[in-house]
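Visitor: Take a look at data_15.txt, compact mmCIF, C-alpha atoms:
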```
# COMPACT_ATOMS: atom_id res chain seq x y z
CA MET A 1 100.14 98.98 96.12
CA PHE A 2 100.04 100.90 99.40
CA LEU A 3 101.62 99.80 102.69
CA ASN A 4 101.65 101.71 105.99
CA GLU A 5 104.90 100.47 107.52
CA ASN A 6 104.10 101.35 111.14
CA LEU A 7 100.66 99.78 111.09
CA PHE A 8 101.88 96.74 109.16
CA THR A 9 104.60 96.18 111.77
CA ASP A 10 101.87 96.17 114.44
CA PHE A 11 99.76 93.89 112.25
CA LEU A 12 102.59 91.35 112.07
CA SER A 13 102.59 90.97 115.86
CA GLU A 14 98.81 90.55 116.14
CA LYS A 15 97.42 87.02 116.46
CA GLU A 16 93.88 87.88 115.40
CA ILE A 17 92.25 89.03 112.19
CA LEU A 18 88.65 89.86 111.33
CA TRP A 19 87.37 88.71 107.94
CA LEU A 20 84.81 91.17 106.55
CA GLY A 21 84.13 89.33 103.33
CA ILE A 22 84.12 90.06 99.61
CA ASP A 23 82.86 93.50 98.61
CA PHE A 24 81.25 93.77 95.16
CA SER A 25 79.84 97.28 95.55
CA LYS A 26 82.67 98.90 93.54
CA ALA A 27 82.98 96.14 90.94
CA LYS A 28 82.43 96.18 87.19
CA PHE A 29 81.29 93.09 85.28
CA THR A 30 81.19 92.38 81.56
CA LYS A 31 77.73 91.77 80.16
CA LYS A 32 79.19 88.66 78.60
CA GLY A 33 78.94 86.10 81.37
CA PHE A 34 77.03 88.30 83.84
CA ASP A 35 73.94 89.54 82.00
CA LEU A 36 71.72 88.08 84.71
CA PRO A 37 68.82 89.33 86.84
CA ILE A 38 70.09 91.35 89.80
CA ASP A 39 68.61 88.87 92.28
CA THR A 40 70.61 86.08 90.63
CA LEU A 41 73.80 88.12 90.79
CA ARG A 42 73.20 88.89 94.46
CA GLN A 43 72.84 85.17 95.10
CA HIS A 44 76.25 84.71 93.49
CA PHE A 45 77.70 87.48 95.68
CA ASN A 46 76.46 85.55 98.71
CA GLY A 47 77.71 82.27 97.23
CA TRP A 48 81.24 83.58 96.71
CA ASN A 49 81.28 84.90 100.26
CA LEU A 50 80.07 81.59 101.63
CA LEU A 51 82.83 79.73 99.81
CA VAL A 52 85.42 81.30 102.10
CA ILE A 53 83.41 80.63 105.25
CA SER A 54 82.27 77.09 104.44
CA ASP A 55 85.62 75.77 103.21
CA GLN A 56 88.23 77.41 105.42
CA LYS A 57 90.78 74.67 104.74
CA LYS A 58 90.78 75.55 101.06
CA TYR A 59 90.35 79.30 101.50
CA ASP A 60 92.73 79.50 104.43
CA ILE A 61 92.97 83.13 105.52
CA ARG A 62 94.72 82.24 108.78
CA LEU A 63 97.53 80.44 107.00
CA SER A 64 97.89 83.06 104.26
CA PHE A 65 98.04 85.96 106.72
CA ARG A 66 99.89 84.12 109.51
CA LYS A 67 97.08 84.55 112.05
CA PRO A 68 96.11 81.71 114.42
CA ILE A 69 92.75 83.34 115.21
CA MET A 70 90.20 84.46 112.62
CA SER A 71 86.75 85.82 113.30
CA TYR A 72 84.30 86.92 110.65
CA ASP A 73 81.53 89.46 110.38
CA LEU A 74 80.03 89.77 106.91
CA SER A 75 77.12 91.95 107.96
CA ALA A 76 78.42 95.31 106.76
CA LEU A 77 79.56 94.11 103.35
CA SER A 78 76.49 91.94 102.83
CA LYS A 79 74.40 95.04 103.37
CA ARG A 80 76.43 96.95 100.77
CA ASN A 81 76.26 94.08 98.28
CA ARG A 82 72.46 94.12 98.53
CA THR A 83 72.34 97.73 97.30
CA ILE A 84 74.05 97.06 93.96
CA ARG A 85 72.18 97.98 90.77
CA LEU A 86 72.75 96.41 87.38
CA SER A 87 73.01 99.80 85.67
CA ASN A 88 76.06 100.60 87.80
CA ILE A 89 78.04 97.40 87.32
CA LEU A 90 77.44 95.85 83.88
CA LYS A 91 79.68 96.95 81.00
CA ASP A 92 80.13 95.83 77.41
CA HIS A 93 83.88 96.11 78.00
CA ILE A 94 86.02 96.84 81.05
CA HIS A 95 88.10 99.97 80.44
CA LEU A 96 91.02 101.28 82.47
CA ASN A 97 89.10 104.40 83.45
CA ASP A 98 86.47 102.18 85.10
CA LEU A 99 88.99 100.79 87.55
CA LEU A 100 90.20 101.68 91.03
CA ASP A 101 93.47 102.96 92.48
CA GLU A 102 95.06 103.16 95.93
CA VAL A 103 93.65 106.62 96.66
CA GLN A 104 90.10 105.50 95.88
CA ILE A 105 90.51 102.41 98.06
CA GLN A 106 91.75 104.53 100.98
CA HIS A 107 88.88 106.99 100.58
CA TYR A 108 86.38 104.14 100.37
CA ILE A 109 87.63 102.42 103.54
CA GLY A 110 87.59 105.74 105.39
CA ASN A 111 83.87 106.09 104.74
CA ILE A 112 82.39 102.64 105.32
CA GLU A 113 81.17 100.87 108.42
CA ILE A 114 83.74 98.44 109.83
CA PRO A 115 82.97 96.09 112.74
CA GLN A 116 85.59 96.27 115.48
CA GLN A 117 85.86 92.82 117.06
CA HIS A 118 89.61 92.88 116.41
CA ARG A 119 92.12 95.63 115.79
CA PHE A 120 92.73 94.61 112.16
CA ALA A 121 90.27 93.54 109.50
CA LEU A 122 90.66 92.04 106.04
CA LEU A 123 88.38 92.40 103.04
CA PHE A 124 88.55 91.72 99.32
CA ILE A 125 87.26 94.58 97.18
CA VAL A 126 86.42 93.24 93.74
CA GLU A 127 87.41 95.66 91.00
CA SER A 128 86.30 93.68 87.95
CA PHE A 129 85.20 90.28 86.70
CA ASP A 130 85.94 90.27 82.98
CA ALA A 131 84.58 87.27 81.09
CA VAL A 132 86.04 88.62 77.82
CA SER A 133 89.68 88.48 79.01
CA LYS A 134 88.87 85.74 81.57
CA THR A 135 90.42 87.64 84.46
CA GLY A 136 89.33 89.01 87.80
CA SER A 137 90.98 91.91 89.60
CA VAL A 138 90.63 92.20 93.37
CA TRP A 139 92.05 94.64 95.93
CA VAL A 140 93.27 92.77 99.01
CA THR A 141 92.83 95.30 101.80
CA VAL A 142 93.77 95.26 105.48
CA ALA A 143 92.49 98.11 107.66
CA GLU A 144 92.79 99.17 111.27
CA THR A 145 89.20 98.95 112.42
CA ALA A 146 89.05 101.82 114.91
CA SER A 147 90.73 104.46 112.75
CA ARG A 148 89.70 102.96 109.38
CA GLN A 149 93.23 103.57 108.18
CA ILE A 150 94.63 101.35 105.47
CA VAL A 151 97.36 99.00 106.64
CA LEU A 152 97.92 97.71 103.13
CA CYS A 153 96.12 97.34 99.85
CA GLU A 154 97.31 95.64 96.70
CA LYS A 155 95.57 94.66 93.49
CA PHE A 156 95.75 91.04 92.36
CA ILE A 157 94.79 89.92 88.86
CA LYS A 158 93.99 86.23 88.61
CA GLN A 159 92.29 83.81 86.25
CA PRO A 160 89.15 81.87 87.12
CA GLY A 161 88.79 78.13 86.67
CA GLY A 162 86.49 75.20 87.30
CA PHE A 163 82.86 74.40 86.54
CA GLY A 164 79.75 76.42 87.34
CA ILE A 165 79.74 80.18 87.76
CA ARG A 166 80.29 80.07 91.55
CA ASN A 167 83.31 77.75 91.46
CA TYR A 168 84.68 79.20 88.22
CA TRP A 169 84.97 82.76 89.54
CA GLY A 170 85.53 81.64 93.12
CA ARG A 171 88.82 80.17 91.92
CA ILE A 172 90.14 83.75 91.78
CA PHE A 173 89.91 84.08 95.57
CA TYR A 174 91.61 80.74 96.07
CA ASN A 175 94.43 81.81 93.73
CA ILE A 176 94.87 85.07 95.62
CA LEU A 177 95.15 83.36 99.00
CA PHE A 178 97.55 80.79 97.54
CA ASP A 179 99.70 83.61 96.15
CA ILE A 180 99.76 85.47 99.47
CA LYS A 181 100.55 82.32 101.45
CA ASN A 182 103.47 81.29 99.25
CA TYR A 183 104.92 84.54 97.96
CA THR A 184 103.32 87.88 98.67
CA PHE A 185 103.21 87.89 102.46
CA CYS A 186 106.96 87.33 102.56
CA ARG A 187 107.41 90.21 100.14
CA TRP A 188 105.35 92.49 102.41
CA GLU A 189 107.43 91.42 105.41
CA ASN A 190 110.67 92.04 103.54
CA LEU A 191 109.56 95.54 102.56
CA VAL A 192 109.19 96.44 106.24
CA LYS A 193 112.37 94.66 107.31
CA LYS A 194 114.37 96.34 104.55
CA ASP A 195 113.18 99.80 105.55
CA THR A 196 113.82 99.07 109.25
CA THR A 197 117.36 97.92 108.52
CA THR A 198 118.04 101.03 106.43
CA THR A 199 116.78 103.28 109.23
CA ASP A 200 118.95 101.48 111.82
CA ILE A 201 122.05 101.92 109.65
CA GLN A 202 121.31 105.61 109.16
CA GLN A 203 120.87 106.11 112.90
CA GLN A 204 124.16 104.31 113.62
CA ASN A 205 125.96 106.55 111.13
CA ILE A 206 124.55 109.64 112.84
CA ILE A 207 125.70 108.39 116.26
CA GLN A 208 129.18 107.64 114.94
```
As a first step, turn the structure in this file into structure tokens.
Guide:
Amino acid sequence: MFLNENLFTDFLSEKEILWLGIDFSKAKFTKKGFDLPIDTLRQHFNGWNLLVISDQKKYDIRLSFRKPIMSYDLSALSKRNRTIRLSNILKDHIHLNDLLDEVQIQHYIGNIEIPQQHRFALLFIVESFDAVSKTGSVWVTVAETASRQIVLCEKFIKQPGGFGIRNYWGRIFYNILFDIKNYTFCRWENLVKKDTTTTDIQQQNIIQ
């Protein structure tokens, strides 16, 4: 996990957030469950993105991230998702050396196109969908749009569920938003508050 305390403090006071969508361009998929024509997979990429837009009560970004106003612009990530090739994403097994880390996420965000309707934007960067272990790993990433600096990024590992490939794997995104709404956002807030309190105490000691 990475968290920029100064930017996250600013993020907490913002009322608006821009949803960029679900990015599959860095993802790895097991051949089991995903050995499909690339056009079919791209349809699923679009379908998973549309889940969040079409059912915002269920996939409630505003509630999870405490933002009364949410806009969305999927154009940049949709363009990237259309460039994916099967040879780059399908694996017999998902290995640790296939996966991402905070440094790679920061480098990636620093080099992609980000719309700038609002100061802060949110995207989900899928790391892996593993039908063997029945897990999906996703980097929840908030960036400052103008500077393309990471505000925070954290990897979530969740299980799919339901019927049909779209709903089954789409459950991962629901589980992530549920987790953030009920637990993780408070943890992020407490990390900043704890550090702020420590700094205040240190400054008071210096003054005394």
Visitor: For atom CA of A:Ile114 and atom CA of A:Arg82, determine how far apart the two atoms are, in Å to one decimal place.
Guide: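 That distance, rounded to one decimal, is 16.5 Å.
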Visitor: Which residues come within 6 Å of A:Thr30, counting all atoms listed in the file, excluding same-chain residues fewer than 6 positions away, as an MDAnalysis selection string?
Guide: chainID A and resid 90:93 130
Visitor: Please identify all polymer residues lying at most 8 Å from the point (100.4, 95.0, 106.6) (file coordinates), using only C-alpha atoms, and present the result as a compact mmCIF listing (two decimals) with C-alpha atoms, keeping the file's coordinate frame.
Guide:
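Listing of part17.txt after writing:
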```txt
# COMPACT_ATOMS: atom_id res chain seq x y z
CA LEU A 3 101.62 99.80 102.69
CA ASN A 4 101.65 101.71 105.99
CA GLU A 5 104.90 100.47 107.52
CA LEU A 7 100.66 99.78 111.09
CA PHE A 8 101.88 96.74 109.16
CA THR A 9 104.60 96.18 111.77
CA PHE A 11 99.76 93.89 112.25
CA LEU A 12 102.59 91.35 112.07
CA VAL A 142 93.77 95.26 105.48
CA VAL A 151 97.36 99.00 106.64
CA LEU A 152 97.92 97.71 103.13
CA TRP A 188 105.35 92.49 102.41
CA GLU A 189 107.43 91.42 105.41
```
Visitor: Quick check, in Å to one decimal: how far apart do atom CA of A:Lys32 and atom CA of A:Arg80 lie?
Guide: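 Between atom CA of A:Lys32 and atom CA of A:Arg80 the gap works out to 23.8 Å.
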Visitor: Between A:Thr184, A:Ser71, A:Ser128, A:Asn81, which has the minimum distance to A:Leu96 (counting all atoms listed in the file)?
Guide: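 Looking only at the distances to A:Leu96, the closest residue turns out to be A:Ser128.
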Visitor: Could you pull out every residue with an atom within 12 Å of (99.2, 100.5, 101.5), file coordinates, counting only C-alpha atoms, and send them as a tab-separated table (two decimals) with C-alpha atoms, keeping the file's coordinate frame?
Guide:
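selection_31.tsv, freshly written:
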```tsv
chain	number	residue	atom	x	y	z
A	1	MET	CA	100.14	98.98	96.12
A	2	PHE	CA	100.04	100.90	99.40
A	3	LEU	CA	101.62	99.80	102.69
A	4	ASN	CA	101.65	101.71	105.99
A	5	GLU	CA	104.90	100.47	107.52
A	6	ASN	CA	104.10	101.35	111.14
A	7	LEU	CA	100.66	99.78	111.09
A	8	PHE	CA	101.88	96.74	109.16
A	101	ASP	CA	93.47	102.96	92.48
A	102	GLU	CA	95.06	103.16	95.93
A	103	VAL	CA	93.65	106.62	96.66
A	104	GLN	CA	90.10	105.50	95.88
A	105	ILE	CA	90.51	102.41	98.06
A	106	GLN	CA	91.75	104.53	100.98
A	109	ILE	CA	87.63	102.42	103.54
A	139	TRP	CA	92.05	94.64	95.93
A	140	VAL	CA	93.27	92.77	99.01
A	141	THR	CA	92.83	95.30	101.80
A	142	VAL	CA	93.77	95.26	105.48
A	143	ALA	CA	92.49	98.11	107.66
A	144	GLU	CA	92.79	99.17	111.27
A	149	GLN	CA	93.23	103.57	108.18
A	150	ILE	CA	94.63	101.35	105.47
A	151	VAL	CA	97.36	99.00	106.64
A	152	LEU	CA	97.92	97.71	103.13
A	153	CYS	CA	96.12	97.34	99.85
A	154	GLU	CA	97.31	95.64	96.70
A	155	LYS	CA	95.57	94.66	93.49
A	188	TRP	CA	105.35	92.49	102.41
A	191	LEU	CA	109.56	95.54	102.56
A	192	VAL	CA	109.19	96.44	106.24
```
Visitor: Show me, as AutoDock Vina command-line options, the centre and edge lengths in Å to one decimal of the axis-aligned box that covers every listed atom of stretch 76-86 of chain A with 4 Å on each side.
Guide:
```
--center_x 75.9 --center_y 95.0 --center_z 97.1 --size_x 15.4 --size_y 14.0 --size_z 27.4
```
Visitor: Nearest residue to A:Val52 out of A:Tyr183, A:Phe29, A:Tyr72, A:Phe129, using all atoms listed in the file?
Guide: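 Residue with the minimum atom-to-atom distance to A:Val52: A:Tyr72.
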Visitor: Could you work out how far atom CA of A:Ile38 lies from atom CA of A:Gly21, giving the answer in Å with one decimal?
Guide: 19.6 Å
Visitor: Please identify all polymer residues within 10 Å of A:Asn88, counting only C-alpha atoms, omitting same-chain residues fewer than 4 positions from it, and present them as number ranges by chain.
Guide: A: 25-29, 84
Visitor: Within 9 Å of stretch 167-179 of chain A, which residues of stretch 3-81 of chain A show up? Give each one with its shortest atom-to-atom distance in Å (one decimal) and the two atoms involved, counting all atoms listed in the file, rows by chain then rising residue number, as JSON lines.
Guide:
```
{"residue": "A:Gly47", "atom": "CA", "partner": "A:Gly170", "partner_atom": "CA", "distance": 8.9}
{"residue": "A:Trp48", "atom": "CA", "partner": "A:Gly170", "partner_atom": "CA", "distance": 5.9}
{"residue": "A:Asn49", "atom": "CA", "partner": "A:Gly170", "partner_atom": "CA", "distance": 8.9}
{"residue": "A:Leu51", "atom": "CA", "partner": "A:Gly170", "partner_atom": "CA", "distance": 7.5}
{"residue": "A:Val52", "atom": "CA", "partner": "A:Phe173", "partner_atom": "CA", "distance": 8.4}
{"residue": "A:Lys58", "atom": "CA", "partner": "A:Tyr174", "partner_atom": "CA", "distance": 7.2}
{"residue": "A:Tyr59", "atom": "CA", "partner": "A:Tyr174", "partner_atom": "CA", "distance": 5.8}
{"residue": "A:Asp60", "atom": "CA", "partner": "A:Leu177", "partner_atom": "CA", "distance": 7.1}
{"residue": "A:Ile61", "atom": "CA", "partner": "A:Leu177", "partner_atom": "CA", "distance": 6.9}
{"residue": "A:Leu63", "atom": "CA", "partner": "A:Leu177", "partner_atom": "CA", "distance": 8.8}
{"residue": "A:Ser64", "atom": "CA", "partner": "A:Leu177", "partner_atom": "CA", "distance": 5.9}
{"residue": "A:Phe65", "atom": "CA", "partner": "A:Leu177", "partner_atom": "CA", "distance": 8.6}
```
Visitor: So, counting all atoms listed in the file, which residue among A:Asp39, A:Asp55, A:Asp23, A:Asp98 is closest to A:Leu123?
Guide: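 Under the stated criterion, the closest residue is A:Asp23.
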Visitor: My list of candidates is A:Ser147, A:Asn190, A:Thr135, A:Gln43. Which is closest to A:Glu113 when distances are computed with all atoms listed in the file?
Guide: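 Looking only at the distances to A:Glu113, the closest residue turns out to be A:Ser147.
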Visitor: Taking the partial coordinates given, rebuild stretch 122-139 of chain A to contain N, CA and C atoms; return it as an mmCIF file, in the frame of the given file.
Guide:
```
data_model
loop_
_atom_site.group_PDB
_atom_site.id
_atom_site.type_symbol
_atom_site.label_atom_id
_atom_site.label_comp_id
_atom_site.auth_asym_id
_atom_site.auth_seq_id
_atom_site.Cartn_x
_atom_site.Cartn_y
_atom_site.Cartn_z
ATOM 1 N N LEU A 122 90.305 92.340 107.423
ATOM 2 C CA LEU A 122 90.660 92.040 106.040
ATOM 3 C C LEU A 122 89.394 91.981 105.197
ATOM 4 N N LEU A 123 89.461 92.560 104.008
ATOM 5 C CA LEU A 123 88.380 92.400 103.040
ATOM 6 C C LEU A 123 88.960 92.354 101.641
ATOM 7 N N PHE A 124 88.221 91.733 100.736
ATOM 8 C CA PHE A 124 88.550 91.720 99.320
ATOM 9 C C PHE A 124 87.577 92.651 98.613
ATOM 10 N N ILE A 125 88.095 93.652 97.942
ATOM 11 C CA ILE A 125 87.260 94.580 97.180
ATOM 12 C C ILE A 125 87.409 94.218 95.705
ATOM 13 N N VAL A 126 86.360 93.668 95.136
ATOM 14 C CA VAL A 126 86.420 93.240 93.740
ATOM 15 C C VAL A 126 86.377 94.479 92.846
ATOM 16 N N GLU A 127 87.350 94.565 91.959
ATOM 17 C CA GLU A 127 87.410 95.660 91.000
ATOM 18 C C GLU A 127 86.698 95.292 89.707
ATOM 19 N N SER A 128 86.958 94.086 89.197
ATOM 20 C CA SER A 128 86.300 93.680 87.950
ATOM 21 C C SER A 128 86.318 92.161 87.813
ATOM 22 N N PHE A 129 85.264 91.646 87.212
ATOM 23 C CA PHE A 129 85.200 90.280 86.700
ATOM 24 C C PHE A 129 84.972 90.420 85.203
ATOM 25 N N ASP A 130 85.974 90.042 84.414
ATOM 26 C CA ASP A 130 85.940 90.270 82.980
ATOM 27 C C ASP A 130 85.907 88.917 82.265
ATOM 28 N N ALA A 131 84.728 88.557 81.774
ATOM 29 C CA ALA A 131 84.580 87.270 81.090
ATOM 30 C C ALA A 131 85.156 87.309 79.684
ATOM 31 N N VAL A 132 85.439 88.497 79.153
ATOM 32 C CA VAL A 132 86.040 88.620 77.820
ATOM 33 C C VAL A 132 87.515 88.223 77.896
ATOM 34 N N SER A 133 88.255 88.815 78.843
ATOM 35 C CA SER A 133 89.680 88.480 79.010
ATOM 36 C C SER A 133 89.894 87.311 79.963
ATOM 37 N N LYS A 134 88.816 86.828 80.591
ATOM 38 C CA LYS A 134 88.870 85.740 81.570
ATOM 39 C C LYS A 134 89.828 86.056 82.710
ATOM 40 N N THR A 135 89.621 87.218 83.305
ATOM 41 C CA THR A 135 90.420 87.640 84.460
ATOM 42 C C THR A 135 89.516 88.307 85.484
ATOM 43 N N GLY A 136 89.973 88.277 86.730
ATOM 44 C CA GLY A 136 89.330 89.010 87.800
ATOM 45 C C GLY A 136 90.384 89.832 88.527
ATOM 46 N N SER A 137 90.053 91.075 88.841
ATOM 47 C CA SER A 137 90.980 91.910 89.600
ATOM 48 C C SER A 137 90.342 92.252 90.940
ATOM 49 N N VAL A 138 91.130 92.085 92.003
ATOM 50 C CA VAL A 138 90.630 92.200 93.370
ATOM 51 C C VAL A 138 91.664 92.951 94.210
ATOM 52 N N TRP A 139 91.183 93.928 94.995
ATOM 53 C CA TRP A 139 92.050 94.640 95.930
ATOM 54 C C TRP A 139 92.012 93.933 97.287
#
```
